[in-house]
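Accompanying notes for the structure given below.
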Amino acid sequence: MTIFDIIQPIIELLTNQNFIIKITLVLLLTVYTIFSAIVARQISIMNTLINQLDFSAFFKLLAWLHFILSCVLLLFILRVL
Amino acid sequence: MEKENSGGRIIMENDARVEETTPLEGEFVLKKQLKPPPPQEEERTQQAPPHPLYSEPHKIPPYKVRHSLTPFTALCEHPDRIVFQHQESNEEIILLIRKHFITNVPWIALTLFLLLLPPILLPHLSIILPFLNVSALTKTAATLFYYLVLSGFTLIEFSLWYFHLAFVTNKRIIDVDITGILFRHIAETKLDLVQDVSYSQYGLIRSLFNYGDIFIQTAGEAPNFEFDKAPQPGKIIQLVGDLVGKARQ
């Protein structure tokens, strides 16, 4: 086995645009999912601080839904792509 | 108005005092008006006419401020279905102040523009980026990620507006400043510590939509309070001034 045989698949992988986009999306989405969890937590805390009875529960639900969607999309990219 | 009394003396019938000197026989004396003496302090407060807006002295005048509270309400008097942490049992929220809703227009317009961008650009992607050769599934995933980030942007921008507010209660003023989703600053002062309330309104947009910055100077160690871009600032400072007056009594 020559060094070319080792480098060849790596070069092929790095020139595969689908792979590059998938890796980029996974990295970005991982960071974004953590961020969306922080946002959801922060919105929950703020809604405890200021509780508008007709809206706070719905607002918290929206924030956590956004976090769940981030998780679902991350799983989708990892499994399907 | 003048009238002649029984002694043939001309008396000015007004509320000014008239100097009464004994005239010589057959002589008419022109009456000299004297300045009324300055009223005593008690008299002055008692006789001060009430402001036409006030039906009774020291009663909150009927300001035209929205009472119904929705998630998009920027100014509400006596909001009923809202409570805040550490609210005392006998503490009533009199005023809820957020930035004027018109201040949200830039980010709403940006969101709408970004929302329409993929449907416009995606059909022409092969022309814009001719070297791009990715599967349809990858494109779908990337587009979904784009819309997820956009929904996050909307959520954060709305939160920044929604939680950046001030309460005026019958006991204190609470200012909640949210400068970023992870940065918040909460300050409060008692109403009787308020020294001065003022506002500034400048620019075409602010004058058109009637909003401005309200400044509240306090006697405490806490820095002065500032309500940015509050709607109807004139009415707010009038109401806060009235509440401060009541609190000091």
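Here's how to read the names in the structure tokens: chain A, B, ... by the order shown, residue numbers from 1 in each chain, ligand numbers from 1 in the order shown.
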Give me, as a compact mmCIF listing (two decimals) with N, CA and C atoms, in the first residue's frame, the contact residues of chain B against chain A at a cut-off of 8 Å, counting only C-alpha atoms.
# COMPACT_ATOMS: atom_id res chain seq x y z
N PRO B 71 -50.23 40.04 23.84
CA PRO B 71 -48.76 39.93 23.79
C PRO B 71 -48.10 41.06 23.04
N ARG B 81 -54.24 40.60 33.76
CA ARG B 81 -53.80 39.20 33.78
C ARG B 81 -52.29 39.08 33.61
N ILE B 82 -51.59 39.83 34.44
CA ILE B 82 -50.12 39.74 34.44
C ILE B 82 -49.62 39.91 35.87
N VAL B 83 -48.65 39.10 36.23
CA VAL B 83 -48.01 39.20 37.54
C VAL B 83 -46.50 39.11 37.34
N PHE B 84 -45.75 39.62 38.29
CA PHE B 84 -44.30 39.50 38.21
C PHE B 84 -43.77 38.89 39.50
N GLN B 85 -42.57 38.36 39.39
CA GLN B 85 -41.97 37.70 40.54
C GLN B 85 -41.75 38.72 41.66
N LEU B 132 -21.78 24.08 -7.82
CA LEU B 132 -22.40 23.33 -6.73
C LEU B 132 -23.12 22.09 -7.28
N ASN B 133 -22.75 20.95 -6.75
CA ASN B 133 -23.36 19.71 -7.21
C ASN B 133 -23.74 18.86 -6.00
N VAL B 134 -24.91 19.16 -5.43
CA VAL B 134 -25.36 18.44 -4.23
C VAL B 134 -26.71 17.80 -4.50
N SER B 135 -27.02 16.80 -3.68
CA SER B 135 -28.28 16.07 -3.86
C SER B 135 -29.47 16.93 -3.39
N LEU B 137 -31.72 16.06 -1.34
CA LEU B 137 -31.91 15.87 0.11
C LEU B 137 -31.02 16.83 0.91
N THR B 138 -29.83 17.03 0.42
CA THR B 138 -28.91 17.97 1.09
C THR B 138 -29.45 19.39 1.00
N ALA B 141 -32.25 19.71 3.48
CA ALA B 141 -31.74 19.81 4.85
C ALA B 141 -31.18 21.20 5.12
N ALA B 142 -30.44 21.72 4.15
CA ALA B 142 -29.86 23.06 4.31
C ALA B 142 -30.96 24.12 4.39
N LEU B 144 -34.06 23.64 5.42
CA LEU B 144 -34.74 23.49 6.73
C LEU B 144 -33.92 24.15 7.85
N PHE B 145 -32.62 23.97 7.77
CA PHE B 145 -31.74 24.60 8.76
C PHE B 145 -31.84 26.12 8.68
N LEU B 148 -35.00 27.17 10.27
CA LEU B 148 -34.91 26.99 11.73
C LEU B 148 -34.18 28.18 12.37
N SER B 151 -36.47 31.16 12.31
CA SER B 151 -37.48 31.11 13.37
C SER B 151 -36.85 31.44 14.73
N GLY B 152 -35.61 31.00 14.92
CA GLY B 152 -34.89 31.35 16.15
C GLY B 152 -34.64 32.84 16.25
N LEU B 155 -37.88 34.48 17.19
CA LEU B 155 -38.18 34.20 18.61
C LEU B 155 -37.35 35.10 19.54
N ILE B 156 -36.08 35.23 19.21
CA ILE B 156 -35.18 36.03 20.05
C ILE B 156 -35.54 37.51 19.96
N SER B 159 -38.64 38.14 21.87
CA SER B 159 -38.36 38.05 23.31
C SER B 159 -37.70 39.33 23.82
N PHE B 163 -39.78 41.17 26.72
CA PHE B 163 -39.30 41.19 28.11
C PHE B 163 -38.61 42.49 28.50
N ILE B 181 -30.30 38.06 24.64
CA ILE B 181 -31.07 36.96 25.22
C ILE B 181 -30.41 36.44 26.51
N LEU B 182 -29.12 36.67 26.66
CA LEU B 182 -28.44 36.20 27.87
C LEU B 182 -28.08 37.34 28.83
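Using only C-alpha atoms, the protein and nucleic acid residues lying no more than 9 Å from B:Ala247, apart from those fewer than 4 places from it along its own chain, are Asn170, Lys171, Lys190, Leu191, Asp192, Asp242 and Leu243 of chain B.
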Convert the current residue selection to file output with C-alpha atoms, as a PDB file, in the first residue's frame.
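Output below, filename selection-v4.pdb:
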ATOM      1  CA  ASN B 170     -48.724  51.632  43.483  1.00  0.00           C
ATOM      2  CA  LYS B 171     -45.473  51.166  45.460  1.00  0.00           C
ATOM      3  CA  LYS B 190     -39.818  53.188  45.490  1.00  0.00           C
ATOM      4  CA  LEU B 191     -42.169  55.841  44.243  1.00  0.00           C
ATOM      5  CA  ASP B 192     -41.357  58.269  47.052  1.00  0.00           C
ATOM      6  CA  ASP B 242     -49.320  61.880  39.975  1.00  0.00           C
ATOM      7  CA  LEU B 243     -48.445  58.554  41.603  1.00  0.00           C
TER       8      LEU B 243
END
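Distance check against A:Cys71 using only C-alpha atoms: of A:Ala37, A:Ile6, A:Ile23, A:Ala57, the minimum falls on A:Ala37.
Taking atom CA of B:Leu150 as the reference point, atom CA of B:Leu116 is found at 11.3 Å.
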Separation of atom CA of A:Glu12 and atom CA of B:Phe131, in Å?
-> 16.2 Å
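If you look at atom CA of B:Glu77 and atom CA of B:Leu96, they are 6.5 Å away from each other.
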Got a sec to tell me which of stretch 128-222 of chain B DSSP assigns to strand (DSSP E or B), as a ChimeraX atom specification?
-> /B:165-169,172-180,183-190,194-200,211-218
Per DSSP on the backbone, filter stretch 50-227 of chain B down to the residues in helix (DSSP H, G or I) and report them as a PyMOL selection string.
-> chain B and resi 101-128+136-163+191-193+204-209
Find the spatial neighbours of B:Glu188, counting only C-alpha atoms, within a cut-off of 8 Å - ignore same-chain residues fewer than 2 positions away - and output them as a compact mmCIF listing (two decimals) with N, CA, C and O atoms, in the first residue's frame.
# COMPACT_ATOMS: atom_id res chain seq x y z
N ARG B 172 -43.86 51.00 43.67
CA ARG B 172 -42.50 51.16 43.11
C ARG B 172 -42.51 51.17 41.58
O ARG B 172 -43.54 50.91 40.96
N ILE B 173 -41.33 51.42 41.07
CA ILE B 173 -41.12 51.36 39.62
C ILE B 173 -40.08 50.28 39.36
O ILE B 173 -39.03 50.26 40.01
N ILE B 174 -40.38 49.37 38.47
CA ILE B 174 -39.47 48.26 38.16
C ILE B 174 -39.10 48.36 36.68
O ILE B 174 -39.98 48.43 35.83
N ASP B 175 -37.81 48.36 36.45
CA ASP B 175 -37.32 48.49 35.07
C ASP B 175 -36.57 47.21 34.70
O ASP B 175 -35.58 46.86 35.36
N ILE B 186 -32.25 44.20 36.03
CA ILE B 186 -33.52 44.58 36.64
C ILE B 186 -33.23 45.57 37.77
O ILE B 186 -32.37 45.33 38.62
N LYS B 190 -38.51 52.85 44.90
CA LYS B 190 -39.82 53.19 45.49
C LYS B 190 -40.29 54.52 44.92
O LYS B 190 -39.48 55.38 44.58
B:Ile93 environment, 7 Å, only C-alpha atoms, sequence neighbours closer than 2 positions dropped, as an mmCIF file with C-alpha atoms, in the first residue's frame:
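In the end it all went to around-v7.cif:
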data_model
loop_
_atom_site.group_PDB
_atom_site.id
_atom_site.type_symbol
_atom_site.label_atom_id
_atom_site.label_comp_id
_atom_site.auth_asym_id
_atom_site.auth_seq_id
_atom_site.Cartn_x
_atom_site.Cartn_y
_atom_site.Cartn_z
ATOM 1 C CA HIS B 78 -54.090 48.512 35.107
ATOM 2 C CA PRO B 79 -53.230 45.295 33.228
ATOM 3 C CA GLU B 91 -49.230 45.611 45.185
ATOM 4 C CA LEU B 95 -48.823 50.766 34.230
ATOM 5 C CA PHE B 167 -43.838 48.294 35.585
ATOM 6 C CA VAL B 168 -45.229 51.157 37.590
ATOM 7 C CA THR B 169 -47.063 49.830 40.620
ATOM 8 C CA ASN B 170 -48.724 51.632 43.483
#
